[in-house]
>>> print(open('target.pdb').read())   # PDB, C-alpha atoms and all ligand atoms
ATOM      1  CA  MET A   1      96.788  18.664-119.099  1.00  0.00           C
ATOM      2  CA  THR A   2      95.616  22.295-119.062  1.00  0.00           C
ATOM      3  CA  LYS A   3      94.974  23.937-122.343  1.00  0.00           C
ATOM      4  CA  VAL A   4      94.515  27.621-123.004  1.00  0.00           C
ATOM      5  CA  ALA A   5      91.139  28.337-124.455  1.00  0.00           C
ATOM      6  CA  ASN A   6      91.267  31.925-125.604  1.00  0.00           C
ATOM      7  CA  ILE A   7      93.960  33.924-127.356  1.00  0.00           C
ATOM      8  CA  LEU A   8      93.445  37.499-128.480  1.00  0.00           C
ATOM      9  CA  LEU A   9      95.347  38.760-131.506  1.00  0.00           C
ATOM     10  CA  ILE A  10      95.692  42.530-131.630  1.00  0.00           C
ATOM     11  CA  ASN A  11      96.941  44.325-134.701  1.00  0.00           C
ATOM     12  CA  GLY A  12      97.735  48.008-134.463  1.00  0.00           C
ATOM     13  CA  PRO A  13      97.802  50.937-136.838  1.00  0.00           C
ATOM     14  CA  ASN A  14      98.103  50.462-140.594  1.00  0.00           C
ATOM     15  CA  LEU A  15      98.004  46.678-140.356  1.00  0.00           C
ATOM     16  CA  ASN A  16      94.536  46.831-141.921  1.00  0.00           C
ATOM     17  CA  LEU A  17      96.496  47.708-145.075  1.00  0.00           C
ATOM     18  CA  LEU A  18      98.417  44.427-145.130  1.00  0.00           C
ATOM     19  CA  GLY A  19      98.864  43.188-148.672  1.00  0.00           C
ATOM     20  CA  LEU A  20      98.624  46.715-150.065  1.00  0.00           C
ATOM     21  CA  ARG A  21     101.053  48.532-147.845  1.00  0.00           C
ATOM     22  CA  GLU A  22     104.782  48.268-148.661  1.00  0.00           C
ATOM     23  CA  PRO A  23     104.461  44.650-149.876  1.00  0.00           C
ATOM     24  CA  ASN A  24     108.246  44.282-150.043  1.00  0.00           C
ATOM     25  CA  THR A  25     108.343  44.779-146.294  1.00  0.00           C
ATOM     26  CA  TYR A  26     105.041  43.307-145.140  1.00  0.00           C
ATOM     27  CA  GLY A  27     104.187  40.769-147.839  1.00  0.00           C
ATOM     28  CA  LYS A  28     101.229  40.333-150.128  1.00  0.00           C
ATOM     29  CA  GLN A  29      98.762  38.581-147.859  1.00  0.00           C
ATOM     30  CA  THR A  30      95.812  40.733-146.818  1.00  0.00           C
ATOM     31  CA  LEU A  31      94.677  40.956-143.197  1.00  0.00           C
ATOM     32  CA  PRO A  32      91.437  39.004-143.840  1.00  0.00           C
ATOM     33  CA  GLU A  33      93.459  36.262-145.583  1.00  0.00           C
ATOM     34  CA  LEU A  34      95.908  36.136-142.705  1.00  0.00           C
ATOM     35  CA  ILE A  35      93.135  35.959-140.105  1.00  0.00           C
ATOM     36  CA  ALA A  36      91.346  33.186-141.998  1.00  0.00           C
ATOM     37  CA  HIS A  37      94.594  31.205-142.044  1.00  0.00           C
ATOM     38  CA  LEU A  38      95.260  31.771-138.333  1.00  0.00           C
ATOM     39  CA  GLU A  39      91.716  30.713-137.485  1.00  0.00           C
ATOM     40  CA  GLN A  40      92.346  27.443-139.293  1.00  0.00           C
ATOM     41  CA  VAL A  41      95.623  26.899-137.446  1.00  0.00           C
ATOM     42  CA  ALA A  42      93.964  27.727-134.116  1.00  0.00           C
ATOM     43  CA  LYS A  43      91.199  25.243-134.844  1.00  0.00           C
ATOM     44  CA  THR A  44      93.698  22.426-135.350  1.00  0.00           C
ATOM     45  CA  LEU A  45      95.327  23.410-132.042  1.00  0.00           C
ATOM     46  CA  GLN A  46      91.935  23.624-130.311  1.00  0.00           C
ATOM     47  CA  ILE A  47      92.547  27.248-129.404  1.00  0.00           C
ATOM     48  CA  ASN A  48      89.932  29.973-129.728  1.00  0.00           C
ATOM     49  CA  ILE A  49      91.473  32.958-131.424  1.00  0.00           C
ATOM     50  CA  SER A  50      89.804  36.349-131.578  1.00  0.00           C
ATOM     51  CA  HIS A  51      91.173  39.183-133.633  1.00  0.00           C
ATOM     52  CA  THR A  52      90.910  42.922-133.403  1.00  0.00           C
ATOM     53  CA  GLN A  53      92.649  45.649-135.385  1.00  0.00           C
ATOM     54  CA  HIS A  54      92.731  49.290-134.374  1.00  0.00           C
ATOM     55  CA  ASN A  55      94.414  52.338-135.747  1.00  0.00           C
ATOM     56  CA  GLY A  56      93.945  54.279-132.532  1.00  0.00           C
ATOM     57  CA  GLU A  57      96.103  53.898-129.443  1.00  0.00           C
ATOM     58  CA  GLY A  58      93.170  54.285-127.027  1.00  0.00           C
ATOM     59  CA  GLN A  59      91.198  51.605-128.861  1.00  0.00           C
ATOM     60  CA  ILE A  60      94.107  49.204-128.390  1.00  0.00           C
ATOM     61  CA  VAL A  61      94.252  50.076-124.686  1.00  0.00           C
ATOM     62  CA  ASP A  62      90.493  49.402-124.454  1.00  0.00           C
ATOM     63  CA  ALA A  63      90.862  46.055-126.254  1.00  0.00           C
ATOM     64  CA  ILE A  64      93.579  45.010-123.795  1.00  0.00           C
ATOM     65  CA  HIS A  65      91.404  45.977-120.817  1.00  0.00           C
ATOM     66  CA  ALA A  66      88.429  44.085-122.262  1.00  0.00           C
ATOM     67  CA  ALA A  67      90.583  40.951-122.545  1.00  0.00           C
ATOM     68  CA  LYS A  68      91.178  40.786-118.810  1.00  0.00           C
ATOM     69  CA  GLU A  69      88.437  38.388-117.785  1.00  0.00           C
ATOM     70  CA  THR A  70      88.302  36.182-120.860  1.00  0.00           C
ATOM     71  CA  GLN A  71      91.693  35.828-122.570  1.00  0.00           C
ATOM     72  CA  GLN A  72      94.610  33.712-121.408  1.00  0.00           C
ATOM     73  CA  GLY A  73      97.120  35.088-123.894  1.00  0.00           C
ATOM     74  CA  ILE A  74      97.644  38.022-126.230  1.00  0.00           C
ATOM     75  CA  ILE A  75      99.564  38.158-129.486  1.00  0.00           C
ATOM     76  CA  ILE A  76     100.186  41.796-130.317  1.00  0.00           C
ATOM     77  CA  ASN A  77     101.644  43.641-133.249  1.00  0.00           C
ATOM     78  CA  ALA A  78     101.266  47.197-132.033  1.00  0.00           C
ATOM     79  CA  GLY A  79     102.760  48.583-135.249  1.00  0.00           C
ATOM     80  CA  ALA A  80     104.331  51.986-134.818  1.00  0.00           C
ATOM     81  CA  TYR A  81     102.888  52.291-131.289  1.00  0.00           C
ATOM     82  CA  THR A  82     105.424  49.652-130.288  1.00  0.00           C
ATOM     83  CA  HIS A  83     108.047  52.363-130.452  1.00  0.00           C
ATOM     84  CA  THR A  84     106.055  55.138-128.780  1.00  0.00           C
ATOM     85  CA  SER A  85     103.316  53.901-126.481  1.00  0.00           C
ATOM     86  CA  ILE A  86     103.720  53.872-122.732  1.00  0.00           C
ATOM     87  CA  ALA A  87      99.907  53.588-122.572  1.00  0.00           C
ATOM     88  CA  ILE A  88      99.874  50.228-124.364  1.00  0.00           C
ATOM     89  CA  ARG A  89     102.756  49.015-122.230  1.00  0.00           C
ATOM     90  CA  ASP A  90     100.879  50.010-119.070  1.00  0.00           C
ATOM     91  CA  ALA A  91      97.661  48.373-120.287  1.00  0.00           C
ATOM     92  CA  LEU A  92      99.464  45.074-120.901  1.00  0.00           C
ATOM     93  CA  ALA A  93     101.147  45.278-117.503  1.00  0.00           C
ATOM     94  CA  GLY A  94      97.798  46.178-115.923  1.00  0.00           C
ATOM     95  CA  VAL A  95      95.902  43.123-117.129  1.00  0.00           C
ATOM     96  CA  THR A  96      98.807  40.734-116.482  1.00  0.00           C
ATOM     97  CA  ILE A  97      97.923  38.551-119.460  1.00  0.00           C
ATOM     98  CA  PRO A  98     101.014  36.852-120.923  1.00  0.00           C
ATOM     99  CA  PHE A  99     101.735  38.279-124.349  1.00  0.00           C
ATOM    100  CA  ILE A 100     103.957  37.781-127.359  1.00  0.00           C
ATOM    101  CA  GLU A 101     105.096  40.763-129.393  1.00  0.00           C
ATOM    102  CA  VAL A 102     105.131  40.137-133.140  1.00  0.00           C
ATOM    103  CA  HIS A 103     106.606  42.188-135.958  1.00  0.00           C
ATOM    104  CA  ILE A 104     106.294  41.086-139.541  1.00  0.00           C
ATOM    105  CA  SER A 105     109.492  42.838-140.536  1.00  0.00           C
ATOM    106  CA  ASN A 106     112.877  42.598-138.889  1.00  0.00           C
ATOM    107  CA  VAL A 107     112.699  45.934-137.120  1.00  0.00           C
ATOM    108  CA  TYR A 108     116.399  45.683-136.225  1.00  0.00           C
ATOM    109  CA  LYS A 109     117.362  45.867-139.902  1.00  0.00           C
ATOM    110  CA  ARG A 110     115.347  49.040-140.308  1.00  0.00           C
ATOM    111  CA  GLU A 111     115.482  52.643-139.130  1.00  0.00           C
ATOM    112  CA  PRO A 112     116.930  53.156-135.624  1.00  0.00           C
ATOM    113  CA  PHE A 113     113.601  54.502-134.311  1.00  0.00           C
ATOM    114  CA  ARG A 114     112.162  51.015-134.831  1.00  0.00           C
ATOM    115  CA  HIS A 115     114.815  49.378-132.652  1.00  0.00           C
ATOM    116  CA  TYR A 116     113.254  50.417-129.367  1.00  0.00           C
ATOM    117  CA  SER A 117     110.098  48.756-128.094  1.00  0.00           C
ATOM    118  CA  TYR A 118     108.116  49.827-125.037  1.00  0.00           C
ATOM    119  CA  LEU A 119     106.679  46.323-124.871  1.00  0.00           C
ATOM    120  CA  SER A 120     109.527  43.835-125.262  1.00  0.00           C
ATOM    121  CA  ASP A 121     110.793  43.663-121.700  1.00  0.00           C
ATOM    122  CA  GLN A 122     107.267  42.801-120.538  1.00  0.00           C
ATOM    123  CA  ALA A 123     106.648  40.183-123.223  1.00  0.00           C
ATOM    124  CA  ILE A 124     107.156  36.438-122.918  1.00  0.00           C
ATOM    125  CA  GLY A 125     108.997  36.759-126.194  1.00  0.00           C
ATOM    126  CA  VAL A 126     109.388  38.787-129.338  1.00  0.00           C
ATOM    127  CA  ILE A 127     109.161  37.542-132.916  1.00  0.00           C
ATOM    128  CA  ALA A 128     110.433  39.830-135.669  1.00  0.00           C
ATOM    129  CA  GLY A 129     111.321  39.357-139.297  1.00  0.00           C
ATOM    130  CA  LEU A 130     109.566  36.055-140.043  1.00  0.00           C
ATOM    131  CA  GLY A 131     106.889  37.744-142.124  1.00  0.00           C
ATOM    132  CA  VAL A 132     103.286  36.936-141.309  1.00  0.00           C
ATOM    133  CA  TYR A 133     104.429  33.457-140.233  1.00  0.00           C
ATOM    134  CA  GLY A 134     105.428  35.161-136.965  1.00  0.00           C
ATOM    135  CA  TYR A 135     101.771  35.191-135.896  1.00  0.00           C
ATOM    136  CA  GLU A 136     101.454  31.455-136.508  1.00  0.00           C
ATOM    137  CA  ALA A 137     104.701  30.844-134.645  1.00  0.00           C
ATOM    138  CA  ALA A 138     103.291  32.780-131.685  1.00  0.00           C
ATOM    139  CA  LEU A 139     100.124  30.694-131.767  1.00  0.00           C
ATOM    140  CA  ASN A 140     102.136  27.477-131.827  1.00  0.00           C
ATOM    141  CA  PHE A 141     104.197  28.746-128.941  1.00  0.00           C
ATOM    142  CA  PHE A 142     101.091  29.477-126.875  1.00  0.00           C
ATOM    143  CA  ASN A 143      99.862  25.990-127.652  1.00  0.00           C
ATOM    144  CA  GLN A 144     102.983  24.612-125.960  1.00  0.00           C
ATOM    145  CA  TYR A 145     103.131  27.240-123.231  1.00  0.00           C
ATOM    146  CA  PHE A 146      99.713  26.447-121.856  1.00  0.00           C
ATOM    147  CA  MET A 147     100.195  22.685-121.829  1.00  0.00           C
ATOM    148  CA  GLU A 148     101.224  21.409-118.448  1.00  0.00           C
TER     149      GLU A 148
HETATM  150  C1  LIG B 201     105.739  46.493-137.651  1.00  0.00           C
HETATM  151  C2  LIG B 201     107.036  47.284-137.531  1.00  0.00           C
HETATM  152  C3  LIG B 201     106.756  48.695-137.058  1.00  0.00           C
HETATM  153  O1  LIG B 201     107.964  49.430-136.952  1.00  0.00           O
HETATM  154  C4  LIG B 201     105.852  49.402-138.042  1.00  0.00           C
HETATM  155  O2  LIG B 201     105.550  50.706-137.593  1.00  0.00           O
HETATM  156  C5  LIG B 201     104.621  48.644-138.338  1.00  0.00           C
HETATM  157  C6  LIG B 201     104.708  47.199-138.503  1.00  0.00           C
HETATM  158  C7  LIG B 201     105.973  45.104-138.251  1.00  0.00           C
HETATM  159  O3  LIG B 201     105.057  44.289-138.185  1.00  0.00           O
HETATM  160  O4  LIG B 201     107.037  44.828-138.822  1.00  0.00           O
HETATM  161  O5  LIG B 201     103.550  49.203-138.527  1.00  0.00           O
HETATM  162  O6  LIG B 201     105.219  46.305-136.338  1.00  0.00           O
END
>>> encode(input="target.pdb", output="structure tokens", more="lines below")
Ligand code: DQA
Amino acid sequence: MTKVANILLINGPNLNLLGLREPNTYGKQTLPELIAHLEQVAKTLQINISHTQHNGEGQIVDAIHAAKETQQGIIINAGAYTHTSIAIRDALAGVTIPFIEVHISNVYKREPFRHYSYLSDQAIGVIAGLGVYGYEAALNFFNQYFME
């Protein structure tokens, strides 16, 4: 049985404001609360989760590059860059680390500009609209995915 050791969670712009920002859309849980919860879940799954949040596109690209040697999977909510960033798409393709795209809100129920993602066709899968539970779902999925 092979088990993934390291999963990197990347949150993009404005997700540092979770809990404060548009709570009707993104919920009331803060980012530190969410991360603490995901760390607990990861521990029970015997997965090492690291988290990074960046408001800048280049910082996200750098975080993806830095993951290359050490991370077996990426969970990414690229926020608004999902809909604009060829650079983040290329970084993910460049490191060839399997990734899951997460959106807290159901982007397909929202403005048309949120319906297109530069990442989705490269992702293992996309989770949208499950609230912050989507991150936990992605973690559980990776737990299965890396079991042989
Ligand atoms: C989001 C959806 C994006 O359209 C938006 O720009 C975000 C958050 C989500 O988690 O639902 O910042 O990725």
>>> residues_near_ligand(input="target.pdb", ligand="ligand LIG 201 (chain B)", cutoff="6 Å", atoms="all atoms listed in the file", output="PyMOL selection string")
chain A and resi 14+77-80+103-105+107+114
>>> resolve_selection(input="target.pdb", expression="the PyMOL selection byres (((chain A and resi 59) around 12) and not hetatm)", output="JSON, numbers by chain")
{"A": [10, 11, 12, 13, 52, 53, 54, 55, 56, 57, 58, 60, 61, 62, 63, 64, 65, 66, 78, 81, 87, 88, 91]}
>>> write_last_selection(input="target.pdb", atoms="C-alpha atoms", output="PDB file, keeping the file's coordinate frame")
ATOM      1  CA  ILE A  10      95.692  42.530-131.630  1.00  0.00           C
ATOM      2  CA  ASN A  11      96.941  44.325-134.701  1.00  0.00           C
ATOM      3  CA  GLY A  12      97.735  48.008-134.463  1.00  0.00           C
ATOM      4  CA  PRO A  13      97.802  50.937-136.838  1.00  0.00           C
ATOM      5  CA  THR A  52      90.910  42.922-133.403  1.00  0.00           C
ATOM      6  CA  GLN A  53      92.649  45.649-135.385  1.00  0.00           C
ATOM      7  CA  HIS A  54      92.731  49.290-134.374  1.00  0.00           C
ATOM      8  CA  ASN A  55      94.414  52.338-135.747  1.00  0.00           C
ATOM      9  CA  GLY A  56      93.945  54.279-132.532  1.00  0.00           C
ATOM     10  CA  GLU A  57      96.103  53.898-129.443  1.00  0.00           C
ATOM     11  CA  GLY A  58      93.170  54.285-127.027  1.00  0.00           C
ATOM     12  CA  ILE A  60      94.107  49.204-128.390  1.00  0.00           C
ATOM     13  CA  VAL A  61      94.252  50.076-124.686  1.00  0.00           C
ATOM     14  CA  ASP A  62      90.493  49.402-124.454  1.00  0.00           C
ATOM     15  CA  ALA A  63      90.862  46.055-126.254  1.00  0.00           C
ATOM     16  CA  ILE A  64      93.579  45.010-123.795  1.00  0.00           C
ATOM     17  CA  HIS A  65      91.404  45.977-120.817  1.00  0.00           C
ATOM     18  CA  ALA A  66      88.429  44.085-122.262  1.00  0.00           C
ATOM     19  CA  ALA A  78     101.266  47.197-132.033  1.00  0.00           C
ATOM     20  CA  TYR A  81     102.888  52.291-131.289  1.00  0.00           C
ATOM     21  CA  ALA A  87      99.907  53.588-122.572  1.00  0.00           C
ATOM     22  CA  ILE A  88      99.874  50.228-124.364  1.00  0.00           C
ATOM     23  CA  ALA A  91      97.661  48.373-120.287  1.00  0.00           C
TER      24      ALA A  91
END
>>> axis_aligned_box(input="target.pdb", around="stretch 20-33 of chain A", padding_each_side="4 Å", output="lines of an AutoDock Vina configuration file")
center_x = 99.9
center_y = 42.4
center_z = -146.7
size_x = 24.9
size_y = 20.3
size_z = 14.9
>>> residues_around(input="target.pdb", residues="A:Ala36", least_positions_apart="5", cutoff="12 Å", atoms="all atoms listed in the file", output="PyMOL selection string")
chain A and resi 29-31+41-43+49-51+136
>>> resolve_selection(input="target.pdb", expression="the PyMOL selection byres (((chain A and resi 115-125) around 12) and not hetatm)", output="PyMOL selection string")
chain A and resi 73-103+105-114+126-128+134+137-138+141-142+145
>>> atom_distance(input="target.pdb", atom1="atom CA of A:Ile47", atom2="atom CA of A:Tyr133")
17.2 Å
>>> atom_distance(input="target.pdb", atom1="atom CA of A:Asn48", atom2="atom CA of A:Leu8")
8.4 Å
>>> atom_distance(input="target.pdb", atom1="atom CA of A:Phe146", atom2="atom CA of A:Leu38")
17.9 Å
>>> residues_around(input="target.pdb", residues="A:Tyr26", least_positions_apart="5", cutoff="9 Å", atoms="all atoms listed in the file", output="VMD selection string")
chain A and resid 18 to 21 104 to 105 131 to 132
>>> build_atoms(input="target.pdb", residues="stretch 40-51 of chain A", atoms="all heavy atoms", output="tab-separated table (two decimals), keeping the file's coordinate frame")
chain	number	residue	atom	x	y	z
A	40	GLN	N	92.21	28.86	-138.95
A	40	GLN	CA	92.35	27.44	-139.29
A	40	GLN	C	93.39	26.77	-138.41
A	40	GLN	O	93.19	25.68	-137.89
A	40	GLN	CB	92.78	27.30	-140.77
A	40	GLN	CG	91.64	27.31	-141.74
A	40	GLN	CD	90.58	26.26	-141.37
A	40	GLN	OE1	89.46	26.63	-141.01
A	40	GLN	NE2	90.91	24.98	-141.41
A	41	VAL	N	94.54	27.45	-138.28
A	41	VAL	CA	95.62	26.90	-137.45
A	41	VAL	C	95.14	26.73	-136.01
A	41	VAL	O	95.34	25.69	-135.38
A	41	VAL	CB	96.88	27.81	-137.49
A	41	VAL	CG1	97.95	27.32	-136.52
A	41	VAL	CG2	97.43	27.90	-138.92
A	42	ALA	N	94.46	27.77	-135.50
A	42	ALA	CA	93.96	27.73	-134.12
A	42	ALA	C	93.00	26.56	-133.93
A	42	ALA	O	93.03	25.88	-132.90
A	42	ALA	CB	93.29	29.05	-133.77
A	43	LYS	N	92.18	26.33	-134.93
A	43	LYS	CA	91.20	25.24	-134.84
A	43	LYS	C	91.92	23.90	-134.68
A	43	LYS	O	91.53	23.08	-133.84
A	43	LYS	CB	90.36	25.24	-136.13
A	43	LYS	CG	89.05	24.56	-136.02
A	43	LYS	CD	88.23	24.85	-137.28
A	43	LYS	CE	87.00	23.95	-137.30
A	43	LYS	NZ	86.27	24.10	-138.56
A	44	THR	N	92.97	23.70	-135.46
A	44	THR	CA	93.70	22.43	-135.35
A	44	THR	C	94.37	22.30	-133.98
A	44	THR	O	94.60	21.20	-133.49
A	44	THR	CB	94.76	22.25	-136.46
A	44	THR	OG1	95.75	23.25	-136.31
A	44	THR	CG2	94.16	22.32	-137.85
A	45	LEU	N	94.69	23.43	-133.37
A	45	LEU	CA	95.33	23.41	-132.04
A	45	LEU	C	94.28	23.41	-130.91
A	45	LEU	O	94.67	23.39	-129.74
A	45	LEU	CB	96.25	24.62	-131.88
A	45	LEU	CG	97.42	24.73	-132.86
A	45	LEU	CD1	98.15	26.06	-132.67
A	45	LEU	CD2	98.39	23.57	-132.70
A	46	GLN	N	93.03	23.51	-131.28
A	46	GLN	CA	91.94	23.62	-130.31
A	46	GLN	C	92.08	24.86	-129.42
A	46	GLN	O	91.90	24.82	-128.20
A	46	GLN	CB	91.81	22.35	-129.48
A	46	GLN	CG	91.47	21.15	-130.36
A	46	GLN	CD	91.41	19.88	-129.56
A	46	GLN	OE1	92.41	19.46	-128.96
A	46	GLN	NE2	90.26	19.25	-129.53
A	47	ILE	N	92.46	25.94	-130.07
A	47	ILE	CA	92.55	27.25	-129.40
A	47	ILE	C	91.48	28.15	-130.02
A	47	ILE	O	91.27	28.10	-131.23
A	47	ILE	CB	93.95	27.87	-129.64
A	47	ILE	CG1	95.00	27.15	-128.78
A	47	ILE	CG2	93.96	29.36	-129.37
A	47	ILE	CD1	96.42	27.59	-129.05
A	48	ASN	N	90.85	28.95	-129.19
A	48	ASN	CA	89.93	29.97	-129.73
A	48	ASN	C	90.73	31.24	-129.95
A	48	ASN	O	91.29	31.78	-128.99
A	48	ASN	CB	88.82	30.30	-128.73
A	48	ASN	CG	87.95	29.10	-128.46
A	48	ASN	OD1	87.63	28.34	-129.37
A	48	ASN	ND2	87.58	28.94	-127.20
A	49	ILE	N	90.76	31.71	-131.17
A	49	ILE	CA	91.47	32.96	-131.42
A	49	ILE	C	90.46	34.03	-131.78
A	49	ILE	O	89.53	33.78	-132.55
A	49	ILE	CB	92.55	32.79	-132.52
A	49	ILE	CG1	93.42	34.04	-132.61
A	49	ILE	CG2	91.96	32.43	-133.88
A	49	ILE	CD1	94.67	33.88	-133.45
A	50	SER	N	90.61	35.20	-131.16
A	50	SER	CA	89.80	36.35	-131.58
A	50	SER	C	90.77	37.38	-132.11
A	50	SER	O	91.93	37.46	-131.65
A	50	SER	CB	89.03	37.00	-130.45
A	50	SER	OG	88.88	36.15	-129.39
A	51	HIS	N	90.29	38.19	-133.02
A	51	HIS	CA	91.17	39.18	-133.63
A	51	HIS	C	90.53	40.56	-133.58
A	51	HIS	O	89.33	40.71	-133.77
A	51	HIS	CB	91.45	38.82	-135.10
A	51	HIS	CG	92.18	39.91	-135.83
A	51	HIS	ND1	91.61	40.68	-136.81
A	51	HIS	CD2	93.44	40.37	-135.67
A	51	HIS	CE1	92.50	41.55	-137.24
A	51	HIS	NE2	93.61	41.40	-136.58
